[in-house]
$ cat start26.pdb   # PDB, C-alpha atoms and all ligand atoms
MODEL        1
ATOM      1  CA  MET A 117     -23.478 -60.634  48.166  1.00  0.00           C
ATOM      2  CA  LEU A 118     -20.589 -62.364  46.383  1.00  0.00           C
ATOM      3  CA  GLU A 119     -17.149 -61.212  47.472  1.00  0.00           C
ATOM      4  CA  LEU A 120     -14.638 -61.138  44.629  1.00  0.00           C
ATOM      5  CA  VAL A 121     -10.885 -60.893  44.378  1.00  0.00           C
ATOM      6  CA  ALA A 122      -9.900 -59.658  40.906  1.00  0.00           C
ATOM      7  CA  LEU A 123      -6.513 -60.345  39.293  1.00  0.00           C
ATOM      8  CA  ILE A 124      -5.067 -58.219  36.481  1.00  0.00           C
ATOM      9  CA  SER A 125      -1.858 -57.682  34.493  1.00  0.00           C
ATOM     10  CA  GLY A 126      -2.615 -54.542  32.508  1.00  0.00           C
ATOM     11  CA  ALA A 127      -4.840 -51.462  32.215  1.00  0.00           C
ATOM     12  CA  GLY A 128      -7.786 -53.169  33.859  1.00  0.00           C
ATOM     13  CA  SER A 129     -10.524 -51.864  31.579  1.00  0.00           C
ATOM     14  CA  ASN A 130     -12.548 -55.033  32.159  1.00  0.00           C
ATOM     15  CA  LEU A 131     -12.097 -54.645  35.890  1.00  0.00           C
ATOM     16  CA  ARG A 132     -13.184 -50.983  35.742  1.00  0.00           C
ATOM     17  CA  ALA A 133     -16.444 -52.045  34.087  1.00  0.00           C
ATOM     18  CA  LEU A 134     -17.019 -54.599  36.845  1.00  0.00           C
ATOM     19  CA  LEU A 135     -16.249 -52.050  39.561  1.00  0.00           C
ATOM     20  CA  GLU A 136     -18.696 -49.592  37.985  1.00  0.00           C
ATOM     21  CA  ALA A 137     -21.387 -52.295  37.767  1.00  0.00           C
ATOM     22  CA  ALA A 138     -20.799 -53.163  41.426  1.00  0.00           C
ATOM     23  CA  GLU A 139     -21.501 -49.543  42.394  1.00  0.00           C
ATOM     24  CA  ASP A 140     -25.170 -50.378  41.738  1.00  0.00           C
ATOM     25  CA  ALA A 141     -26.622 -51.496  45.102  1.00  0.00           C
ATOM     26  CA  GLU A 142     -28.696 -54.080  43.226  1.00  0.00           C
ATOM     27  CA  TYR A 143     -25.608 -55.790  41.795  1.00  0.00           C
ATOM     28  CA  PRO A 144     -25.027 -58.903  43.942  1.00  0.00           C
ATOM     29  CA  ALA A 145     -21.236 -58.814  44.008  1.00  0.00           C
ATOM     30  CA  ARG A 146     -18.437 -56.555  45.109  1.00  0.00           C
ATOM     31  CA  VAL A 147     -14.671 -56.576  44.639  1.00  0.00           C
ATOM     32  CA  VAL A 148     -12.925 -56.747  48.022  1.00  0.00           C
ATOM     33  CA  ALA A 149      -9.324 -56.749  46.740  1.00  0.00           C
ATOM     34  CA  ILE A 150      -7.361 -56.328  43.493  1.00  0.00           C
ATOM     35  CA  GLY A 151      -4.166 -58.234  42.771  1.00  0.00           C
ATOM     36  CA  ALA A 152      -1.618 -58.195  39.954  1.00  0.00           C
ATOM     37  CA  ASP A 153       1.349 -60.207  38.683  1.00  0.00           C
ATOM     38  CA  ARG A 154       3.324 -56.994  38.059  1.00  0.00           C
ATOM     39  CA  ASP A 155       3.142 -53.263  38.696  1.00  0.00           C
ATOM     40  CA  ALA A 156       0.006 -53.067  36.519  1.00  0.00           C
ATOM     41  CA  ASP A 157      -1.560 -49.680  35.607  1.00  0.00           C
ATOM     42  CA  GLY A 158      -4.942 -51.085  36.589  1.00  0.00           C
ATOM     43  CA  LEU A 159      -3.890 -51.199  40.243  1.00  0.00           C
ATOM     44  CA  GLU A 160      -4.705 -47.470  40.292  1.00  0.00           C
ATOM     45  CA  LEU A 161      -8.354 -48.540  40.210  1.00  0.00           C
ATOM     46  CA  GLY A 162      -7.890 -49.582  43.819  1.00  0.00           C
ATOM     47  CA  GLU A 163      -7.312 -45.983  44.826  1.00  0.00           C
ATOM     48  CA  THR A 164     -10.127 -44.706  42.586  1.00  0.00           C
ATOM     49  CA  PHE A 165     -12.685 -47.144  44.016  1.00  0.00           C
ATOM     50  CA  GLY A 166     -11.246 -47.421  47.542  1.00  0.00           C
ATOM     51  CA  ILE A 167     -10.283 -51.101  47.271  1.00  0.00           C
ATOM     52  CA  PRO A 168      -7.104 -52.668  48.722  1.00  0.00           C
ATOM     53  CA  THR A 169      -4.534 -53.853  46.198  1.00  0.00           C
ATOM     54  CA  PHE A 170      -1.527 -56.163  46.153  1.00  0.00           C
ATOM     55  CA  SER A 171       1.123 -57.053  43.617  1.00  0.00           C
ATOM     56  CA  VAL A 172       3.043 -60.336  43.409  1.00  0.00           C
ATOM     57  CA  PRO A 173       5.522 -59.816  40.540  1.00  0.00           C
ATOM     58  CA  TYR A 174       5.968 -63.058  38.638  1.00  0.00           C
ATOM     59  CA  SER A 175       9.496 -61.972  37.690  1.00  0.00           C
ATOM     60  CA  ARG A 176      10.609 -62.303  41.334  1.00  0.00           C
ATOM     61  CA  PHE A 177       9.913 -66.036  41.536  1.00  0.00           C
ATOM     62  CA  ALA A 178      11.841 -69.040  40.282  1.00  0.00           C
ATOM     63  CA  ASP A 179       8.746 -70.799  38.966  1.00  0.00           C
ATOM     64  CA  ARG A 180       4.968 -70.715  38.595  1.00  0.00           C
ATOM     65  CA  GLU A 181       4.296 -72.775  41.734  1.00  0.00           C
ATOM     66  CA  SER A 182       6.332 -70.521  44.039  1.00  0.00           C
ATOM     67  CA  TRP A 183       4.701 -67.442  42.472  1.00  0.00           C
ATOM     68  CA  GLY A 184       1.308 -69.083  42.976  1.00  0.00           C
ATOM     69  CA  ALA A 185       2.080 -69.864  46.618  1.00  0.00           C
ATOM     70  CA  ALA A 186       2.921 -66.211  47.294  1.00  0.00           C
ATOM     71  CA  LEU A 187      -0.150 -65.022  45.396  1.00  0.00           C
ATOM     72  CA  SER A 188      -2.391 -67.433  47.327  1.00  0.00           C
ATOM     73  CA  GLU A 189      -1.065 -66.007  50.598  1.00  0.00           C
ATOM     74  CA  GLN A 190      -2.261 -62.565  49.499  1.00  0.00           C
ATOM     75  CA  ILE A 191      -5.673 -63.851  48.383  1.00  0.00           C
ATOM     76  CA  ARG A 192      -6.447 -66.235  51.264  1.00  0.00           C
ATOM     77  CA  PRO A 193      -7.148 -63.549  53.948  1.00  0.00           C
ATOM     78  CA  TRP A 194      -9.988 -62.213  51.774  1.00  0.00           C
ATOM     79  CA  SER A 195     -11.557 -65.714  51.495  1.00  0.00           C
ATOM     80  CA  PRO A 196     -13.243 -64.733  48.234  1.00  0.00           C
ATOM     81  CA  ASP A 197     -16.414 -66.416  46.990  1.00  0.00           C
ATOM     82  CA  LEU A 198     -14.999 -65.998  43.494  1.00  0.00           C
ATOM     83  CA  LEU A 199     -11.575 -65.308  41.961  1.00  0.00           C
ATOM     84  CA  VAL A 200     -12.003 -63.206  38.810  1.00  0.00           C
ATOM     85  CA  LEU A 201      -9.163 -63.201  36.259  1.00  0.00           C
ATOM     86  CA  SER A 202      -9.959 -60.024  34.353  1.00  0.00           C
ATOM     87  CA  GLY A 203      -6.969 -59.508  32.106  1.00  0.00           C
ATOM     88  CA  LEU A 204      -4.467 -61.611  34.063  1.00  0.00           C
ATOM     89  CA  MET A 205      -1.882 -62.715  31.496  1.00  0.00           C
ATOM     90  CA  ARG A 206      -0.739 -65.738  33.514  1.00  0.00           C
ATOM     91  CA  ILE A 207      -1.728 -69.376  33.833  1.00  0.00           C
ATOM     92  CA  LEU A 208      -2.498 -70.224  37.448  1.00  0.00           C
ATOM     93  CA  PRO A 209      -0.479 -73.148  38.858  1.00  0.00           C
ATOM     94  CA  PRO A 210      -2.397 -76.361  39.685  1.00  0.00           C
ATOM     95  CA  SER A 211      -2.034 -75.669  43.438  1.00  0.00           C
ATOM     96  CA  MET A 212      -4.081 -72.464  43.063  1.00  0.00           C
ATOM     97  CA  VAL A 213      -6.728 -74.162  40.920  1.00  0.00           C
ATOM     98  CA  ARG A 214      -7.000 -76.852  43.596  1.00  0.00           C
ATOM     99  CA  GLU A 215      -7.249 -74.324  46.446  1.00  0.00           C
ATOM    100  CA  PHE A 216      -9.646 -71.760  44.932  1.00  0.00           C
ATOM    101  CA  GLY A 217     -11.335 -73.885  42.231  1.00  0.00           C
ATOM    102  CA  PRO A 218     -13.976 -74.211  40.927  1.00  0.00           C
ATOM    103  CA  ASN A 219     -14.704 -70.630  41.994  1.00  0.00           C
ATOM    104  CA  ILE A 220     -12.316 -69.125  39.449  1.00  0.00           C
ATOM    105  CA  ILE A 221     -13.439 -67.467  36.200  1.00  0.00           C
ATOM    106  CA  ASN A 222     -11.490 -65.889  33.357  1.00  0.00           C
ATOM    107  CA  THR A 223     -12.306 -63.627  30.407  1.00  0.00           C
ATOM    108  CA  HIS A 224     -10.764 -64.382  27.004  1.00  0.00           C
ATOM    109  CA  PRO A 225     -10.840 -62.298  23.801  1.00  0.00           C
ATOM    110  CA  ALA A 226     -11.838 -65.124  21.448  1.00  0.00           C
ATOM    111  CA  TYR A 227     -14.722 -67.537  20.839  1.00  0.00           C
ATOM    112  CA  LEU A 228     -13.236 -70.545  22.640  1.00  0.00           C
ATOM    113  CA  PRO A 229     -12.175 -73.205  21.889  1.00  0.00           C
ATOM    114  CA  GLU A 230     -10.954 -71.100  18.972  1.00  0.00           C
ATOM    115  CA  PHE A 231      -7.683 -69.183  19.570  1.00  0.00           C
ATOM    116  CA  PRO A 232      -6.750 -70.051  23.171  1.00  0.00           C
ATOM    117  CA  GLY A 233      -3.636 -68.578  24.749  1.00  0.00           C
ATOM    118  CA  ALA A 234      -1.944 -65.200  25.139  1.00  0.00           C
ATOM    119  CA  HIS A 235      -2.242 -63.975  21.511  1.00  0.00           C
ATOM    120  CA  ALA A 236      -5.887 -64.715  20.741  1.00  0.00           C
ATOM    121  CA  VAL A 237      -6.665 -61.510  18.834  1.00  0.00           C
ATOM    122  CA  ARG A 238      -3.472 -61.667  16.796  1.00  0.00           C
ATOM    123  CA  ASP A 239      -4.060 -65.363  16.047  1.00  0.00           C
ATOM    124  CA  ALA A 240      -7.597 -64.693  14.798  1.00  0.00           C
ATOM    125  CA  LEU A 241      -6.287 -62.049  12.409  1.00  0.00           C
ATOM    126  CA  ALA A 242      -3.410 -64.246  11.256  1.00  0.00           C
ATOM    127  CA  ALA A 243      -5.850 -67.074  10.537  1.00  0.00           C
ATOM    128  CA  GLY A 244      -7.936 -64.778   8.370  1.00  0.00           C
ATOM    129  CA  ALA A 245     -11.003 -65.469  10.520  1.00  0.00           C
ATOM    130  CA  ALA A 246     -14.209 -63.695   9.413  1.00  0.00           C
ATOM    131  CA  GLU A 247     -15.342 -63.596  13.005  1.00  0.00           C
ATOM    132  CA  THR A 248     -13.916 -64.170  16.456  1.00  0.00           C
ATOM    133  CA  GLY A 249     -15.521 -63.331  19.797  1.00  0.00           C
ATOM    134  CA  ALA A 250     -15.276 -63.164  23.574  1.00  0.00           C
ATOM    135  CA  SER A 251     -15.671 -65.852  26.213  1.00  0.00           C
ATOM    136  CA  VAL A 252     -15.944 -66.205  29.966  1.00  0.00           C
ATOM    137  CA  ILE A 253     -14.781 -69.577  31.235  1.00  0.00           C
ATOM    138  CA  LEU A 254     -14.368 -71.552  34.432  1.00  0.00           C
ATOM    139  CA  VAL A 255     -10.634 -71.930  35.070  1.00  0.00           C
ATOM    140  CA  ASP A 256      -9.256 -75.481  35.140  1.00  0.00           C
ATOM    141  CA  ASP A 257      -5.710 -76.845  34.950  1.00  0.00           C
ATOM    142  CA  GLY A 258      -5.405 -76.249  31.202  1.00  0.00           C
ATOM    143  CA  VAL A 259      -4.894 -73.167  29.026  1.00  0.00           C
ATOM    144  CA  ASP A 260      -8.306 -71.587  28.374  1.00  0.00           C
ATOM    145  CA  SER A 261      -9.780 -75.113  28.342  1.00  0.00           C
ATOM    146  CA  GLY A 262     -12.359 -74.882  31.142  1.00  0.00           C
ATOM    147  CA  PRO A 263     -16.166 -75.029  30.753  1.00  0.00           C
ATOM    148  CA  ILE A 264     -17.539 -72.047  28.831  1.00  0.00           C
ATOM    149  CA  LEU A 265     -19.896 -69.943  30.952  1.00  0.00           C
ATOM    150  CA  ALA A 266     -20.780 -67.294  28.345  1.00  0.00           C
ATOM    151  CA  GLN A 267     -19.586 -66.286  24.900  1.00  0.00           C
ATOM    152  CA  GLU A 268     -20.489 -64.136  21.938  1.00  0.00           C
ATOM    153  CA  ARG A 269     -19.309 -63.675  18.373  1.00  0.00           C
ATOM    154  CA  VAL A 270     -17.554 -60.509  17.174  1.00  0.00           C
ATOM    155  CA  PRO A 271     -16.997 -59.793  13.464  1.00  0.00           C
ATOM    156  CA  VAL A 272     -13.522 -59.201  12.041  1.00  0.00           C
ATOM    157  CA  LEU A 273     -13.802 -56.186   9.730  1.00  0.00           C
ATOM    158  CA  PRO A 274     -11.686 -55.327   6.664  1.00  0.00           C
ATOM    159  CA  GLY A 275      -8.564 -53.424   7.664  1.00  0.00           C
ATOM    160  CA  ASP A 276      -8.755 -54.504  11.287  1.00  0.00           C
ATOM    161  CA  THR A 277      -5.528 -54.183  13.238  1.00  0.00           C
ATOM    162  CA  GLU A 278      -4.952 -56.186  16.413  1.00  0.00           C
ATOM    163  CA  ALA A 279      -5.657 -53.088  18.515  1.00  0.00           C
ATOM    164  CA  ARG A 280      -8.842 -52.166  16.635  1.00  0.00           C
ATOM    165  CA  LEU A 281     -10.254 -55.666  16.777  1.00  0.00           C
ATOM    166  CA  HIS A 282      -9.339 -56.020  20.455  1.00  0.00           C
ATOM    167  CA  ASP A 283     -11.086 -52.714  21.188  1.00  0.00           C
ATOM    168  CA  ARG A 284     -14.209 -54.112  19.528  1.00  0.00           C
ATOM    169  CA  ILE A 285     -14.018 -57.328  21.566  1.00  0.00           C
ATOM    170  CA  LYS A 286     -13.483 -55.754  24.992  1.00  0.00           C
ATOM    171  CA  PRO A 287     -16.964 -54.189  25.423  1.00  0.00           C
ATOM    172  CA  VAL A 288     -18.422 -57.653  24.732  1.00  0.00           C
ATOM    173  CA  GLU A 289     -16.044 -59.210  27.264  1.00  0.00           C
ATOM    174  CA  ARG A 290     -17.109 -56.687  29.892  1.00  0.00           C
ATOM    175  CA  ARG A 291     -20.780 -57.296  29.367  1.00  0.00           C
ATOM    176  CA  LEU A 292     -20.293 -61.073  29.494  1.00  0.00           C
ATOM    177  CA  LEU A 293     -18.159 -60.804  32.647  1.00  0.00           C
ATOM    178  CA  ILE A 294     -20.695 -58.634  34.510  1.00  0.00           C
ATOM    179  CA  GLY A 295     -23.574 -60.889  33.379  1.00  0.00           C
ATOM    180  CA  THR A 296     -21.758 -64.110  34.285  1.00  0.00           C
ATOM    181  CA  ILE A 297     -20.997 -62.929  37.822  1.00  0.00           C
ATOM    182  CA  LEU A 298     -24.671 -61.968  38.175  1.00  0.00           C
ATOM    183  CA  ASP A 299     -25.673 -65.488  37.028  1.00  0.00           C
ATOM    184  CA  ILE A 300     -23.248 -67.081  39.488  1.00  0.00           C
ATOM    185  CA  ALA A 301     -24.580 -64.878  42.302  1.00  0.00           C
ATOM    186  CA  ASN A 302     -28.214 -65.750  41.624  1.00  0.00           C
ATOM    187  CA  GLY A 303     -27.502 -69.455  41.065  1.00  0.00           C
ATOM    188  CA  THR A 304     -28.267 -69.566  37.329  1.00  0.00           C
ATOM    189  CA  ILE A 305     -24.696 -70.769  36.841  1.00  0.00           C
ATOM    190  CA  ASP A 306     -23.511 -73.514  39.229  1.00  0.00           C
ATOM    191  CA  LEU A 307     -19.711 -73.682  39.118  1.00  0.00           C
ATOM    192  CA  GLN A 308     -19.560 -76.752  41.337  1.00  0.00           C
ATOM    193  CA  GLU A 309     -21.838 -78.680  39.030  1.00  0.00           C
ATOM    194  CA  LEU A 310     -20.017 -77.511  35.888  1.00  0.00           C
ATOM    195  CA  SER A 311     -16.645 -78.491  37.326  1.00  0.00           C
ATOM    196  CA  ARG A 312     -17.962 -82.007  37.940  1.00  0.00           C
ATOM    197  CA  ALA A 313     -19.358 -82.369  34.386  1.00  0.00           C
TER     198      ALA A 313
HETATM  199  C1  LIG B   1      -8.623 -58.571  27.871  1.00  0.00           C
HETATM  200  O1  LIG B   1      -9.049 -58.652  26.538  1.00  0.00           O
HETATM  201  C2  LIG B   1      -8.435 -59.953  28.428  1.00  0.00           C
HETATM  202  O2  LIG B   1      -9.309 -60.925  27.958  1.00  0.00           O
HETATM  203  C3  LIG B   1      -7.066 -60.275  27.958  1.00  0.00           C
HETATM  204  O3  LIG B   1      -6.335 -59.095  28.088  1.00  0.00           O
HETATM  205  C4  LIG B   1      -7.223 -58.000  27.969  1.00  0.00           C
HETATM  206  C5  LIG B   1      -7.034 -57.153  29.213  1.00  0.00           C
HETATM  207  O4  LIG B   1      -7.570 -55.935  29.075  1.00  0.00           O
HETATM  208  N1  LIG B   1      -6.477 -61.345  28.697  1.00  0.00           N
HETATM  209  P1  LIG B   1      -7.708 -54.940  30.339  1.00  0.00           P
HETATM  210  O5  LIG B   1      -6.445 -54.988  31.115  1.00  0.00           O
HETATM  211  O6  LIG B   1      -8.879 -55.408  31.139  1.00  0.00           O
HETATM  212  O7  LIG B   1      -7.946 -53.614  29.696  1.00  0.00           O
ENDMDL
END
$ encode --input "start26.pdb" --output "structure tokens"
Amino acid sequence: MLELVALISGAGSNLRALLEAAEDAEYPARVVAIGADRDADGLELGETFGIPTFSVPYSRFADRESWGAALSEQIRPWSPDLLVLSGLMRILPPSMVREFGPNIINTHPAYLPEFPGAHAVRDALAAGAAETGASVILVDDGVDSGPILAQERVPVLPGDTEARLHDRIKPVERRLLIGTILDIANGTIDLQELSRA
């Protein structure tokens, strides 16, 4: 049974899907703690699913490294098998990637390496892309640059707004996230090996 610590910044709809999947006794992973970089709405999921939560507001720190050091202190006691960034709108500092890597995965609402960064859905629309997608990646020191673990295309439809397109991408993200964690748990995906490649 993989023990996960999940990190969020927002509503946590991806995390909710993972928590619901983990309610199935057959699912080989469970979330042991939920963390956030602000007072995120998704922290309420901790109460709903009976999981401890913590918040390390980025705004209270002088820089990314000192924020990362405080966040690592909250994560370390759980000694997670896997750190899951499910809607965390922050780049982890190198010290955290060194400490918890390569057991760190992230979901991204684009078909990487297309449209990396914080505005992926908006960027796809602005580029006039006919299709975009969703990706789950292994987190490295770069911005959405790690090995791709799973991804799928999503069409951009006429009249799409950022919100509408994002709402079409998220169900794909959730399915890829739940499937990727399953593949890591059963050894189909070897993060150590991928991080060496
Ligand atoms: C997801 O699309 C994630 O990839 C992106 O932000 C969104 C978060 O959604 N970084 P939620 O908080 O899980 O609803």
$ closest_residue --input "start26.pdb" --among "A:Pro271, A:Pro196, A:Gly233, A:Gly217" --to "A:Leu310" --atoms "only C-alpha atoms"
A:Gly217
$ residues_near_point --input "start26.pdb" --point "(-1.4, -61.1, 48.2)" --cutoff "7 Å" --atoms "only C-alpha atoms" --output "ChimeraX atom specification"
/A:151,170-172,186-191
$ resolve_selection --input "start26.pdb" --expression "the PyMOL selection byres (((chain A and resi 234-247) around 7) and not hetatm)" --output "PyMOL selection string"
chain A and resi 205+225-226+231-233+248-249+269-272+278+282
$ residues_around --input "start26.pdb" --residues "A:Ala301" --least-positions-apart "3" --cutoff "8 Å" --atoms "all atoms listed in the file" --output "JSON, numbers by chain"
{"A": [117, 118, 144, 145, 297, 298, 304]}
$ residues_near_ligand --input "start26.pdb" --ligand "ligand LIG 1 (chain B)" --cutoff "6 Å" --atoms "only C-alpha atoms and all ligand atoms" --output "PyMOL selection string"
chain A and resi 126-131+202-205+223-225+286
$ closest_residue --input "start26.pdb" --among "A:Arg206, A:Leu265, A:Ser182, A:Arg214" --to "A:Leu292" --atoms "all atoms listed in the file"
A:Leu265
$ atom_distance --input "start26.pdb" --atom1 "atom CA of A:Asp155" --atom2 "atom CA of A:Pro218"
27.1 Å
$ atom_distance --input "start26.pdb" --atom1 "atom CA of A:Gly162" --atom2 "atom CA of A:Tyr143"
18.9 Å
$ closest_residue --input "start26.pdb" --among "A:Tyr174, A:Trp194, A:Trp183, A:Phe216" --to "A:Val148" --atoms "all atoms listed in the file"
A:Trp194
$ closest_residue --input "start26.pdb" --among "A:Ala185, A:Ile207, A:Leu307, A:Ile124" --to "A:Pro263" --atoms "all atoms listed in the file"
A:Leu307
$ atom_distance --input "start26.pdb" --atom1 "atom CA of A:Asp179" --atom2 "atom CA of A:Glu160"
27.0 Å
$ residues_near_point --input "start26.pdb" --point "(-13.4, -55.4, 46.0)" --cutoff "8 Å" --atoms "only C-alpha atoms" --output "list in words"
Glu119, Leu120, Val121, Ala122, Leu135, Arg146, Val147, Val148, Ala149, Ile150, Ile167 and Pro168 of chain A
$ closest_residue --input "start26.pdb" --among "A:Asp153, A:Arg291, A:Gly166, A:Leu199" --to "A:Glu139" --atoms "only C-alpha atoms"
A:Gly166
$ axis_aligned_box --input "start26.pdb" --around "stretch 202-212 of chain A" --padding-each-side "6 Å" --output "lines of an AutoDock Vina configuration file"
center_x = -5.2
center_y = -67.9
center_z = 37.5
size_x = 21.5
size_y = 28.9
size_z = 23.9
$ resolve_selection --input "start26.pdb" --expression "the PyMOL selection byres (((chain A and resi 251) around 6) and not hetatm)" --output "PyMOL selection string"
chain A and resi 223-224+227+250+252+266-267
$ closest_residue --input "start26.pdb" --among "A:Val200, A:Val259, A:Leu228, A:Leu208" --to "A:Ile300" --atoms "all atoms listed in the file"
A:Val200
$ build_atoms --input "start26.pdb" --residues "stretch 155-163 of chain A" --atoms "all heavy atoms" --output "compact mmCIF listing (two decimals), keeping the file's coordinate frame"
# COMPACT_ATOMS: atom_id res chain seq x y z
N ASP A 155 3.59 -54.60 38.29
CA ASP A 155 3.14 -53.26 38.70
C ASP A 155 2.17 -52.74 37.64
O ASP A 155 2.46 -51.80 36.90
CB ASP A 155 4.38 -52.34 38.80
CG ASP A 155 3.99 -50.99 39.38
OD1 ASP A 155 2.86 -50.91 39.94
OD2 ASP A 155 4.76 -50.04 39.21
N ALA A 156 0.99 -53.34 37.58
CA ALA A 156 0.01 -53.07 36.52
C ALA A 156 -0.64 -51.70 36.69
O ALA A 156 -0.99 -51.31 37.81
CB ALA A 156 -1.05 -54.15 36.53
N ASP A 157 -0.88 -50.99 35.56
CA ASP A 157 -1.56 -49.68 35.61
C ASP A 157 -2.92 -49.79 36.28
O ASP A 157 -3.35 -48.91 37.02
CB ASP A 157 -1.75 -49.13 34.18
CG ASP A 157 -0.42 -48.78 33.53
OD1 ASP A 157 0.59 -48.73 34.27
OD2 ASP A 157 -0.40 -48.60 32.30
N GLY A 158 -3.59 -50.91 36.05
CA GLY A 158 -4.94 -51.08 36.59
C GLY A 158 -5.02 -51.10 38.11
O GLY A 158 -6.10 -50.94 38.68
N LEU A 159 -3.87 -51.22 38.78
CA LEU A 159 -3.89 -51.20 40.24
C LEU A 159 -4.35 -49.84 40.76
O LEU A 159 -4.85 -49.72 41.88
CB LEU A 159 -2.51 -51.56 40.81
CG LEU A 159 -2.11 -53.03 40.69
CD1 LEU A 159 -0.65 -53.23 41.09
CD2 LEU A 159 -3.03 -53.92 41.52
N GLU A 160 -4.23 -48.82 39.92
CA GLU A 160 -4.70 -47.47 40.29
C GLU A 160 -6.21 -47.48 40.57
O GLU A 160 -6.72 -46.65 41.31
CB GLU A 160 -4.41 -46.48 39.17
CG GLU A 160 -2.93 -46.13 39.04
CD GLU A 160 -2.64 -45.43 37.72
OE1 GLU A 160 -3.60 -44.95 37.07
OE2 GLU A 160 -1.45 -45.43 37.30
N LEU A 161 -6.91 -48.44 39.98
CA LEU A 161 -8.35 -48.54 40.21
C LEU A 161 -8.66 -48.76 41.69
O LEU A 161 -9.71 -48.37 42.18
CB LEU A 161 -8.95 -49.68 39.38
CG LEU A 161 -8.95 -49.47 37.87
CD1 LEU A 161 -9.26 -50.77 37.14
CD2 LEU A 161 -9.96 -48.38 37.49
N GLY A 162 -7.69 -49.37 42.39
CA GLY A 162 -7.89 -49.58 43.82
C GLY A 162 -8.06 -48.26 44.55
O GLY A 162 -8.97 -48.10 45.37
N GLU A 163 -7.22 -47.31 44.19
CA GLU A 163 -7.31 -45.98 44.83
C GLU A 163 -8.61 -45.30 44.40
O GLU A 163 -9.35 -44.77 45.23
CB GLU A 163 -6.12 -45.14 44.40
CG GLU A 163 -5.76 -44.07 45.43
CD GLU A 163 -4.38 -43.48 45.11
OE1 GLU A 163 -3.44 -44.29 44.93
OE2 GLU A 163 -4.30 -42.26 45.03
